[in-house]
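A.B. asks: Dropping in entry-v9.txt, with compact mmCIF, C-alpha atoms.
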```
# COMPACT_ATOMS: atom_id res chain seq x y z
CA MET S 1 -27.57 17.22 -9.13
CA THR S 2 -29.36 13.90 -9.57
CA THR S 3 -28.54 10.82 -7.54
CA ALA S 4 -27.08 9.17 -10.64
CA GLN S 5 -24.87 12.18 -11.36
CA ASP S 6 -23.77 12.33 -7.74
CA ALA S 7 -22.81 8.63 -7.84
CA THR S 8 -20.83 9.24 -11.03
CA VAL S 9 -18.92 12.11 -9.47
CA LYS S 10 -18.05 10.08 -6.37
CA ALA S 11 -17.12 6.89 -8.22
CA PRO S 12 -13.39 6.18 -7.68
CA VAL S 13 -11.11 6.35 -10.70
CA ARG S 14 -9.33 2.99 -10.73
CA ASN S 15 -6.61 3.80 -13.22
CA VAL S 16 -2.96 2.67 -13.26
CA ALA S 17 -2.07 5.19 -10.56
CA TRP S 18 -4.83 3.68 -8.39
CA ILE S 19 -3.52 0.16 -9.08
CA ARG S 20 -0.04 1.18 -7.95
CA SER S 21 -1.45 2.69 -4.78
CA ALA S 22 -3.67 -0.34 -4.15
CA LEU S 23 -0.74 -2.74 -4.58
CA GLN S 24 1.28 -0.76 -2.03
CA THR S 25 -1.73 -1.07 0.27
CA ALA S 26 -1.74 -4.82 -0.41
CA ILE S 27 1.92 -4.99 0.62
CA GLU S 28 1.08 -3.17 3.85
CA LEU S 29 -1.94 -5.39 4.43
CA GLU S 30 0.00 -8.63 3.91
CA HIS S 31 2.77 -7.36 6.14
CA SER S 32 0.30 -6.42 8.88
CA THR S 33 -0.67 -10.07 9.28
CA LEU S 34 2.91 -11.19 9.93
CA PRO S 35 3.37 -9.82 13.49
CA VAL S 36 -0.11 -11.02 14.47
CA TYR S 37 0.41 -14.58 13.26
CA THR S 38 4.01 -14.70 14.47
CA SER S 39 3.01 -13.64 17.98
CA ALA S 40 0.58 -16.56 18.17
CA MET S 41 3.10 -18.98 16.69
CA LEU S 42 5.89 -17.96 19.08
CA SER S 43 3.57 -18.43 22.05
CA LEU S 44 3.52 -22.19 21.48
CA GLN S 45 5.63 -23.96 24.07
CA VAL S 46 6.67 -26.63 21.57
CA GLN S 47 7.56 -25.07 18.23
CA ASN S 48 6.61 -28.03 16.11
CA PHE S 49 3.55 -30.27 15.84
CA THR S 50 0.26 -29.58 14.10
CA SER S 51 -0.71 -26.17 15.49
CA TYR S 52 2.74 -24.64 15.08
CA ASN S 53 3.15 -25.99 11.57
CA ALA S 54 -0.32 -24.81 10.52
CA ILE S 55 0.33 -21.23 11.67
CA ARG S 56 3.83 -21.29 10.21
CA SER S 57 2.53 -22.45 6.81
CA VAL S 58 0.07 -19.55 6.72
CA LEU S 59 2.80 -17.14 7.82
CA MET S 60 5.14 -18.31 5.06
CA GLU S 61 2.43 -17.93 2.42
CA GLU S 62 1.63 -14.43 3.65
CA MET S 63 5.28 -13.58 3.02
CA VAL S 64 4.89 -14.99 -0.49
CA HIS S 65 1.76 -12.90 -1.03
CA MET S 66 3.56 -9.78 0.13
CA SER S 67 6.34 -10.60 -2.34
CA ILE S 68 3.88 -11.15 -5.19
CA ALA S 69 2.24 -7.78 -4.53
CA ALA S 70 5.70 -6.16 -4.45
CA ASN S 71 6.68 -7.82 -7.73
CA MET S 72 3.45 -6.66 -9.35
CA LEU S 73 4.02 -3.10 -8.18
CA ALA S 74 7.65 -3.17 -9.35
CA ALA S 75 6.62 -4.50 -12.76
CA ILE S 76 4.26 -1.61 -13.48
CA GLY S 77 6.60 1.20 -12.54
CA GLY S 78 6.24 1.42 -8.78
CA ARG S 79 8.71 1.06 -5.93
CA PRO S 80 7.58 -1.23 -3.10
CA ARG S 81 7.95 0.52 0.25
CA ILE S 82 8.72 -1.95 3.02
CA LYS S 83 11.48 -0.73 5.34
CA ASP S 84 9.35 1.69 7.36
CA LEU S 85 6.08 -0.26 7.54
CA ASP S 86 4.80 -0.29 11.10
CA PRO S 87 1.20 -1.43 11.63
CA LYS S 88 -0.10 -0.18 14.94
CA PHE S 89 -1.65 -2.80 17.21
CA PRO S 90 -4.13 -3.21 18.66
CA SER S 91 -6.13 -1.81 15.78
CA HIS S 92 -9.58 -1.64 14.28
CA GLY S 93 -9.32 -3.05 10.78
CA LEU S 94 -6.42 -3.64 8.43
CA PRO S 95 -4.51 -1.27 6.14
CA GLY S 96 -6.54 0.21 3.30
CA GLY S 97 -9.79 0.19 5.25
CA VAL S 98 -10.09 -3.60 4.93
CA GLU S 99 -12.31 -5.32 7.53
CA PRO S 100 -12.87 -2.18 9.64
CA ASP S 101 -14.95 -4.17 12.15
CA LEU S 102 -12.01 -6.39 13.12
CA HIS S 103 -10.43 -5.49 16.46
CA ILE S 104 -7.12 -7.33 16.60
CA GLY S 105 -3.80 -7.10 18.37
CA LEU S 106 -0.63 -8.99 19.19
CA ALA S 107 -1.45 -11.87 21.50
CA LYS S 108 -0.83 -15.53 22.27
CA LEU S 109 -2.72 -18.32 20.53
CA SER S 110 -6.25 -18.64 21.94
CA LYS S 111 -9.70 -19.55 20.72
CA ALA S 112 -10.60 -15.85 20.69
CA GLN S 113 -7.52 -15.00 18.61
CA LEU S 114 -8.25 -17.87 16.21
CA ARG S 115 -11.69 -16.38 15.67
CA ASN S 116 -9.96 -13.15 14.69
CA PHE S 117 -7.72 -15.07 12.29
CA MET S 118 -10.76 -16.72 10.70
CA ARG S 119 -12.44 -13.32 10.34
CA LEU S 120 -9.26 -11.91 8.85
CA GLU S 121 -9.02 -14.70 6.24
CA SER S 122 -12.74 -15.19 5.66
CA PRO S 123 -14.00 -15.82 2.14
CA LEU S 124 -16.95 -13.68 1.20
CA PHE S 125 -19.39 -16.60 1.05
CA LEU S 126 -18.79 -17.40 4.74
CA LEU S 127 -18.95 -13.81 5.93
CA PRO S 128 -21.88 -12.84 8.17
CA GLU S 129 -24.32 -10.50 6.44
CA GLU S 130 -23.74 -7.79 9.04
CA TYR S 131 -20.41 -6.95 7.40
CA GLY S 132 -21.70 -6.83 3.85
CA HIS S 133 -22.05 -3.03 3.86
CA GLU S 134 -18.29 -2.48 4.23
CA ASP S 135 -16.32 -1.36 1.17
CA PHE S 136 -13.74 -4.07 1.80
CA PRO S 137 -15.33 -6.64 4.13
CA THR S 138 -12.68 -9.21 3.18
CA ILE S 139 -9.10 -9.18 1.98
CA GLY S 140 -10.32 -10.91 -1.15
CA LYS S 141 -12.59 -7.98 -1.93
CA LEU S 142 -9.61 -5.63 -2.18
CA TYR S 143 -7.77 -8.01 -4.49
CA SER S 144 -10.89 -8.46 -6.57
CA ARG S 145 -11.04 -4.69 -7.10
CA ILE S 146 -7.37 -4.69 -8.11
CA ARG S 147 -8.05 -7.56 -10.52
CA ASP S 148 -10.95 -5.69 -12.12
CA ALA S 149 -8.80 -2.57 -12.47
CA ILE S 150 -6.02 -4.60 -14.13
CA VAL S 151 -8.48 -5.88 -16.72
CA ALA S 152 -9.90 -2.38 -17.27
CA ASN S 153 -6.41 -0.88 -17.79
CA ALA S 154 -4.88 -3.80 -19.67
CA ALA S 155 -3.33 -1.87 -22.57
CA GLU S 156 -1.60 0.69 -20.36
CA LEU S 157 -0.33 -2.02 -18.02
CA ARG S 158 1.11 -4.03 -20.93
CA ALA S 159 3.04 -0.95 -21.98
CA ALA S 160 4.22 -0.35 -18.40
CA VAL S 161 5.57 -3.90 -18.04
CA GLN S 162 7.20 -3.82 -21.47
CA GLY S 163 8.84 -0.50 -20.57
CA GLY S 164 10.53 -2.13 -17.58
CA GLY S 165 9.98 -1.63 -13.89
CA VAL S 166 12.10 0.71 -11.80
CA ALA S 167 12.47 -1.86 -9.01
CA ASN S 168 13.71 -5.45 -8.91
CA GLN S 169 11.73 -8.63 -9.39
CA VAL S 170 12.35 -11.12 -6.59
CA GLY S 171 12.04 -14.83 -6.27
CA ASP S 172 11.24 -16.65 -9.50
CA ASN S 173 13.72 -19.36 -8.51
CA ILE S 174 12.18 -19.87 -5.06
CA GLY S 175 8.52 -19.86 -6.05
CA PHE S 176 7.50 -16.20 -5.89
CA LYS S 177 5.42 -15.12 -8.88
CA THR S 178 7.42 -12.68 -11.00
CA ILE S 179 6.19 -10.41 -13.79
CA VAL S 180 8.78 -9.94 -16.51
CA PRO S 181 8.43 -9.39 -20.28
CA THR S 182 8.35 -12.87 -21.85
CA PRO S 183 7.85 -13.61 -25.56
CA GLY S 184 4.40 -15.01 -26.20
CA VAL S 185 3.18 -14.26 -22.66
CA ASP S 186 0.68 -11.51 -21.94
CA PRO S 187 1.95 -9.55 -18.90
CA VAL S 188 -1.66 -8.87 -17.94
CA ASP S 189 -2.13 -12.62 -17.57
CA GLN S 190 0.95 -12.69 -15.33
CA LEU S 191 -0.53 -9.96 -13.14
CA LEU S 192 -3.85 -11.79 -12.93
CA GLU S 193 -2.08 -15.05 -12.04
CA GLY S 194 -0.47 -13.26 -9.10
CA ILE S 195 -3.87 -12.11 -7.85
CA ALA S 196 -5.31 -15.60 -8.33
CA GLU S 197 -2.56 -17.22 -6.25
CA ILE S 198 -3.12 -14.83 -3.36
CA LEU S 199 -6.89 -15.34 -3.44
CA GLU S 200 -6.72 -19.11 -3.76
CA GLN S 201 -4.32 -19.67 -0.90
CA GLY S 202 -6.10 -17.22 1.37
CA GLU S 203 -9.72 -18.15 0.79
CA GLY S 204 -9.98 -21.19 -1.47
CA ALA S 205 -10.06 -22.10 -5.13
CA THR S 206 -13.67 -21.13 -5.80
CA SER S 207 -16.67 -19.75 -4.01
CA GLY S 208 -18.10 -22.54 -1.89
CA THR S 209 -14.81 -24.22 -1.01
CA ILE S 210 -11.96 -23.53 1.41
CA ARG S 211 -9.48 -25.75 -0.40
CA THR S 212 -6.92 -24.66 -2.96
CA GLY S 213 -6.68 -26.25 -6.38
CA ALA S 214 -4.30 -28.89 -7.67
CA ALA S 215 -1.53 -26.34 -8.26
CA PHE S 216 -1.24 -26.02 -4.48
CA GLN S 217 -1.87 -29.72 -3.75
CA ASN S 218 -5.48 -29.11 -2.72
CA GLU S 219 -4.41 -27.90 0.71
CA GLU S 220 -6.76 -26.04 3.02
CA SER S 221 -6.89 -22.29 2.56
CA HIS S 222 -5.66 -20.03 5.32
CA TYR S 223 -9.22 -19.80 6.58
CA GLY S 224 -9.48 -23.59 6.59
CA LYS S 225 -6.21 -24.08 8.49
CA PHE S 226 -7.26 -21.70 11.23
CA ALA S 227 -10.74 -23.23 11.36
CA GLU S 228 -9.18 -26.66 11.92
CA LEU S 229 -7.37 -25.34 14.99
CA TRP S 230 -10.49 -23.57 16.24
CA TYR S 231 -12.71 -26.67 15.88
CA GLY S 232 -9.93 -29.00 17.03
CA ARG S 233 -10.65 -31.26 14.08
CA ALA S 234 -9.22 -31.67 10.60
CA TYR S 235 -11.29 -30.58 7.61
CA ARG S 236 -13.27 -33.44 6.08
CA GLU S 237 -15.99 -33.15 3.49
CA PRO S 238 -19.17 -34.71 4.91
CA GLU S 239 -20.88 -37.69 3.31
CA PRO S 240 -23.39 -37.25 1.88
CA ALA S 241 -22.17 -33.89 0.61
CA VAL S 242 -23.40 -30.77 2.40
CA PRO S 243 -22.87 -27.27 0.95
CA LEU S 244 -20.44 -25.24 3.05
CA THR S 245 -22.24 -22.31 4.65
CA PRO S 246 -21.88 -20.43 7.94
CA GLU S 247 -24.66 -22.65 9.32
CA THR S 248 -23.13 -25.96 8.19
CA GLU S 249 -19.46 -25.11 8.72
CA ALA S 250 -19.00 -27.28 11.83
CA VAL S 251 -19.95 -30.52 10.03
CA HIS S 252 -17.04 -29.96 7.64
CA PHE S 253 -14.57 -30.18 10.52
CA GLN S 254 -15.13 -33.68 11.86
CA GLY S 255 -11.85 -35.26 10.80
CA ALA S 256 -8.92 -36.34 12.96
CA LYS S 257 -8.72 -34.68 16.35
CA ILE S 258 -6.21 -31.85 16.78
CA ALA S 259 -5.14 -31.48 20.40
CA TRP S 260 -4.87 -27.98 21.83
CA PRO S 261 -1.18 -27.06 22.25
CA GLU S 262 0.59 -25.86 25.36
CA VAL S 263 0.72 -22.07 25.15
CA VAL S 264 2.95 -19.54 26.89
CA ASN S 265 0.58 -17.13 28.62
CA THR S 266 1.95 -13.89 27.18
CA LEU S 267 0.24 -10.61 27.93
CA ALA S 268 -1.53 -9.17 24.89
CA VAL S 269 0.49 -6.14 23.82
CA PRO S 270 -1.04 -2.76 24.73
CA SER S 271 -0.66 0.18 22.36
CA ASP S 272 2.38 1.54 24.22
CA GLY S 273 4.33 -1.71 23.80
CA TYR S 274 4.35 -2.41 27.59
CA GLU S 275 6.04 0.92 28.45
CA LYS S 276 3.82 1.73 31.46
CA LEU S 277 4.30 -1.81 32.72
CA LEU S 278 8.07 -1.78 32.21
CA ALA S 279 8.33 1.51 34.10
CA GLU S 280 7.04 -0.22 37.25
CA ASP S 281 8.56 -3.69 36.80
CA PRO S 282 11.69 -4.03 38.99
CA ASP S 283 13.36 -5.82 36.08
CA GLY S 284 11.94 -3.42 33.53
CA LYS S 285 15.29 -2.04 32.33
CA GLU S 286 16.66 -5.47 31.44
CA ILE S 287 13.41 -6.60 29.83
CA ARG S 288 13.17 -3.38 27.82
CA GLU S 289 16.68 -3.98 26.51
CA SER S 290 15.78 -7.48 25.30
CA LEU S 291 12.61 -6.18 23.68
CA LEU S 292 14.69 -3.56 21.88
CA VAL S 293 17.08 -6.23 20.59
CA PHE S 294 14.09 -8.07 19.13
CA ASP S 295 12.73 -4.84 17.65
CA GLN S 296 16.10 -4.06 16.08
CA ASP S 297 16.25 -7.50 14.46
CA TYR S 298 12.74 -6.95 13.14
CA THR S 299 13.73 -3.51 11.85
CA ASP S 300 16.82 -4.94 10.17
CA MET S 301 14.73 -7.65 8.54
CA MET S 302 12.38 -5.02 7.09
CA GLY S 303 15.34 -3.06 5.76
CA HIS S 304 16.78 -6.14 4.07
CA LEU S 305 13.41 -6.96 2.49
CA ASP S 306 13.14 -3.41 1.16
CA ALA S 307 16.63 -3.65 -0.31
CA MET S 308 15.72 -6.83 -2.18
CA TRP S 309 13.37 -4.78 -4.37
CA ASN S 310 15.03 -1.37 -4.23
CA GLY S 311 18.71 -2.16 -3.82
CA ASP S 312 21.49 -3.53 -6.02
CA PRO S 313 20.14 -6.60 -7.86
CA ASP S 314 23.60 -8.19 -7.73
CA THR S 315 23.38 -8.39 -3.93
CA GLN S 316 19.76 -9.50 -3.84
CA TRP S 317 20.34 -13.05 -2.61
CA PRO S 318 22.87 -12.23 0.11
CA THR S 319 20.40 -9.60 1.26
CA PHE S 320 17.64 -12.21 1.30
CA GLY S 321 19.92 -14.42 3.39
CA GLU S 322 20.30 -11.61 5.91
CA ALA S 323 16.52 -11.18 6.08
CA VAL S 324 16.04 -14.92 6.73
CA HIS S 325 18.76 -14.78 9.39
CA ASN S 326 16.87 -11.98 11.14
CA MET S 327 13.65 -14.01 10.96
CA MET S 328 15.34 -16.94 12.68
CA LYS S 329 16.82 -14.66 15.34
CA LEU S 330 13.34 -13.34 16.17
CA ARG S 331 12.13 -16.83 17.01
CA VAL S 332 15.15 -18.02 18.97
CA PHE S 333 15.87 -14.78 20.82
CA SER S 334 12.30 -14.21 22.02
CA SER S 335 11.92 -17.79 23.27
CA PHE S 336 14.95 -17.50 25.56
CA THR S 337 14.69 -13.91 26.80
CA PHE S 338 11.60 -11.78 27.48
CA MET S 339 9.12 -14.61 26.92
CA GLN S 340 10.75 -16.31 29.90
CA ARG S 341 10.20 -13.23 32.09
CA GLN S 342 7.12 -13.41 34.26
CA ILE S 343 5.29 -10.17 34.91
CA PRO S 344 5.06 -9.64 38.69
CA PRO S 345 1.59 -10.70 39.91
CA ALA S 346 1.13 -7.37 41.66
CA LEU S 347 1.55 -5.60 38.32
CA VAL S 348 -0.88 -7.98 36.63
CA ASP S 349 -3.39 -7.07 39.32
CA ASP S 350 -2.64 -3.41 38.61
CA LEU S 351 -3.36 -3.60 34.87
CA PRO S 352 -6.78 -1.89 35.23
CA ARG S 353 -4.99 1.17 36.62
CA LEU S 354 -2.11 1.09 34.16
CA TYR S 355 -4.30 0.51 31.09
CA PRO S 356 -7.87 1.51 31.92
CA ALA S 357 -8.92 1.98 28.29
CA GLU S 358 -7.25 -1.23 27.11
CA PHE S 359 -7.86 -3.55 30.04
CA GLY S 360 -10.79 -5.25 28.32
CA PHE S 361 -8.55 -6.19 25.40
CA LEU S 362 -5.75 -7.38 27.69
CA HIS S 363 -8.16 -9.46 29.76
CA GLN S 364 -9.83 -10.99 26.71
CA TYR S 365 -6.60 -12.28 25.18
CA THR S 366 -4.65 -13.14 28.35
CA ASP S 367 -5.46 -15.57 31.17
CA LEU S 368 -4.90 -13.24 34.10
CA ASP S 369 -5.46 -16.06 36.61
CA ARG S 370 -2.23 -17.78 35.52
CA PRO S 371 1.39 -16.59 35.48
CA VAL S 372 1.73 -13.95 32.75
CA PHE S 373 4.80 -13.32 30.58
CA TYR S 374 5.96 -10.65 28.15
CA GLY S 375 5.45 -11.21 24.43
CA PRO S 376 6.92 -9.74 21.23
CA ARG S 377 5.73 -6.24 20.34
CA PHE S 378 7.15 -5.85 16.79
CA ARG S 379 8.21 -2.21 16.76
CA ASN S 380 9.84 -1.04 13.54
CA LEU S 381 12.49 1.39 14.76
CA ALA S 382 12.87 2.82 11.23
CA ALA S 383 9.24 3.90 11.04
CA PRO S 384 8.34 7.57 11.41
CA GLN S 385 7.73 8.35 15.06
CA SER S 386 4.34 9.87 15.80
```
Step by step, read the file and then write its structure as structure tokens.
C.D. replies:
Amino acid sequence: MTTAQDATVKAPVRNVAWIRSALQTAIELEHSTLPVYTSAMLSLQVQNFTSYNAIRSVLMEEMVHMSIAANMLAAIGGRPRIKDLDPKFPSHGLPGGVEPDLHIGLAKLSKAQLRNFMRLESPLFLLPEEYGHEDFPTIGKLYSRIRDAIVANAAELRAAVQGGGVANQVGDNIGFKTIVPTPGVDPVDQLLEGIAEILEQGEGATSGTIRTGAAFQNEESHYGKFAELWYGRAYREPEPAVPLTPETEAVHFQGAKIAWPEVVNTLAVPSDGYEKLLAEDPDGKEIRESLLVFDQDYTDMMGHLDAMWNGDPDTQWPTFGEAVHNMMKLRVFSSFTFMQRQIPPALVDDLPRLYPAEFGFLHQYTDLDRPVFYGPRFRNLAAPQS
């Protein structure tokens, strides 16, 4: 077999079935960012001000992106699966094989974690060349493949949308992009608009910029918002103009100073969700119970979100209200329970024994020379247990 024939045989078939699968992957990918960003946001001692609001704005848009991907999947005959999603942290890479070089976990806000966030949201033009060999070196690359497949399968997708989805559409009256048959509107254009919104808010309006377009008030992309916190300065285009590249990035962040916030020194979450630590903490039983309450609220939220697409459409908005209520409970409950519980210093000193394989990760994302507290671990209790 020739090299050309071999390449043809191995080339993936990106048909409608592949698009459905890729959109479910996109839902899982968008969801996987939520615990990571929320853990950093909840670690802020004052849940307001610039840093908190920047992370929260990204978090809210990631929820929108997850909803757009779910609406797209529902429109073309798929059923979004949400209730049992359970990304395992710490992990190497994101769902779908995206950014396999990225080692990331649940941790407080830190400069090291912000670097991970910037890597996670990086536009392709700012990505170091060393990652260029990856199939999906950026989130945008996955969405670009989905976009290309939508164009290539346009006729079949038009028929799928016109035939009606088997799941609900959610959110046209609160700003989520919906895909519904509309006279004079090409449903393929609707699908492509959904992809464009996700790409623009995550990376920027065009290659070479990290700002969105006028439709989103020219705000910084997710990458830009995290870069502002990392540099401690607001984004400001230099004068005279300088092209934005990895080498010139710093000169684009010379605006107003952004002070570093006061951060609760939570212990980065090991893969067992603190179980070895809790087993030896004298207050472990009580702390475990509060962590389980948080996990149950998180699980309930995921169930409500799933029901918005797959449940009775007549109860969609009350269900959404329940999901929002669970989101609020996560923030308030964690701040006044386990995040107030200091890990005994003797156990902090014993972390190398308790977690020999993960101690490097714990040390990198936790200041072990200061009092250390428990953080949220985001366990979905409805997920299949391995």
A.B. asks: Measuring between all atoms listed in the file, which one of S:Ala75, S:Thr245, S:Val372, S:Asp283 shows the shortest distance to Pro187 (chain S)?
C.D. replies: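 Among S:Ala75, S:Thr245, S:Val372, S:Asp283, it is S:Ala75 that comes nearest to Pro187 (chain S).
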A.B. asks: Extract, using only C-alpha atoms, all DNA, RNA and protein residues at most 12 Å from Pro181 (chain S), discarding same-chain residues fewer than 4 positions from it, and format them as a PyMOL selection string.
C.D. replies: chain S and resi 75-76+157-165+169+185-191
A.B. asks: May I have the residues from that selection written out with C-alpha atoms, as a tab-separated table (two decimals), in the coordinates of the input?
C.D. replies:
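Saved file out_1.tsv follows:
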```tsv
chain	number	residue	atom	x	y	z
S	75	ALA	CA	6.62	-4.50	-12.76
S	76	ILE	CA	4.26	-1.61	-13.48
S	157	LEU	CA	-0.33	-2.02	-18.02
S	158	ARG	CA	1.11	-4.03	-20.93
S	159	ALA	CA	3.04	-0.95	-21.98
S	160	ALA	CA	4.22	-0.35	-18.40
S	161	VAL	CA	5.57	-3.90	-18.04
S	162	GLN	CA	7.20	-3.82	-21.47
S	163	GLY	CA	8.84	-0.50	-20.57
S	164	GLY	CA	10.53	-2.13	-17.58
S	165	GLY	CA	9.98	-1.63	-13.89
S	169	GLN	CA	11.73	-8.63	-9.39
S	185	VAL	CA	3.18	-14.26	-22.66
S	186	ASP	CA	0.68	-11.51	-21.94
S	187	PRO	CA	1.95	-9.55	-18.90
S	188	VAL	CA	-1.66	-8.87	-17.94
S	189	ASP	CA	-2.13	-12.62	-17.57
S	190	GLN	CA	0.95	-12.69	-15.33
S	191	LEU	CA	-0.53	-9.96	-13.14
```
A.B. asks: For a test of reading the model, state the distance in Å between CA of Phe49 (chain S) and CA of Arg211 (chain S), rounded to one decimal.
C.D. replies: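 Going from CA of Phe49 (chain S) over to CA of Arg211 (chain S), I get 21.3 Å.
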A.B. asks: Using all atoms listed in the file, which of the listed residues (S:Val170, S:Leu229, S:Leu29, S:Leu120) sits closest to Thr315 (chain S)?
C.D. replies: S:Val170
A.B. asks: If I take CA of Gly140 (chain S) and CA of Ser110 (chain S), how far is one from the other in Å, to one decimal?
C.D. replies: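 Spanning CA of Gly140 (chain S) to CA of Ser110 (chain S) is a straight-line distance of 24.7 Å.
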A.B. asks: Between S:Trp309, S:Tyr365, S:Phe320, S:Tyr235, which has the minimum distance to Val269 (chain S) (counting only C-alpha atoms)?
C.D. replies: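 Among the listed residues, the smallest separation from Val269 (chain S) belongs to S:Tyr365.
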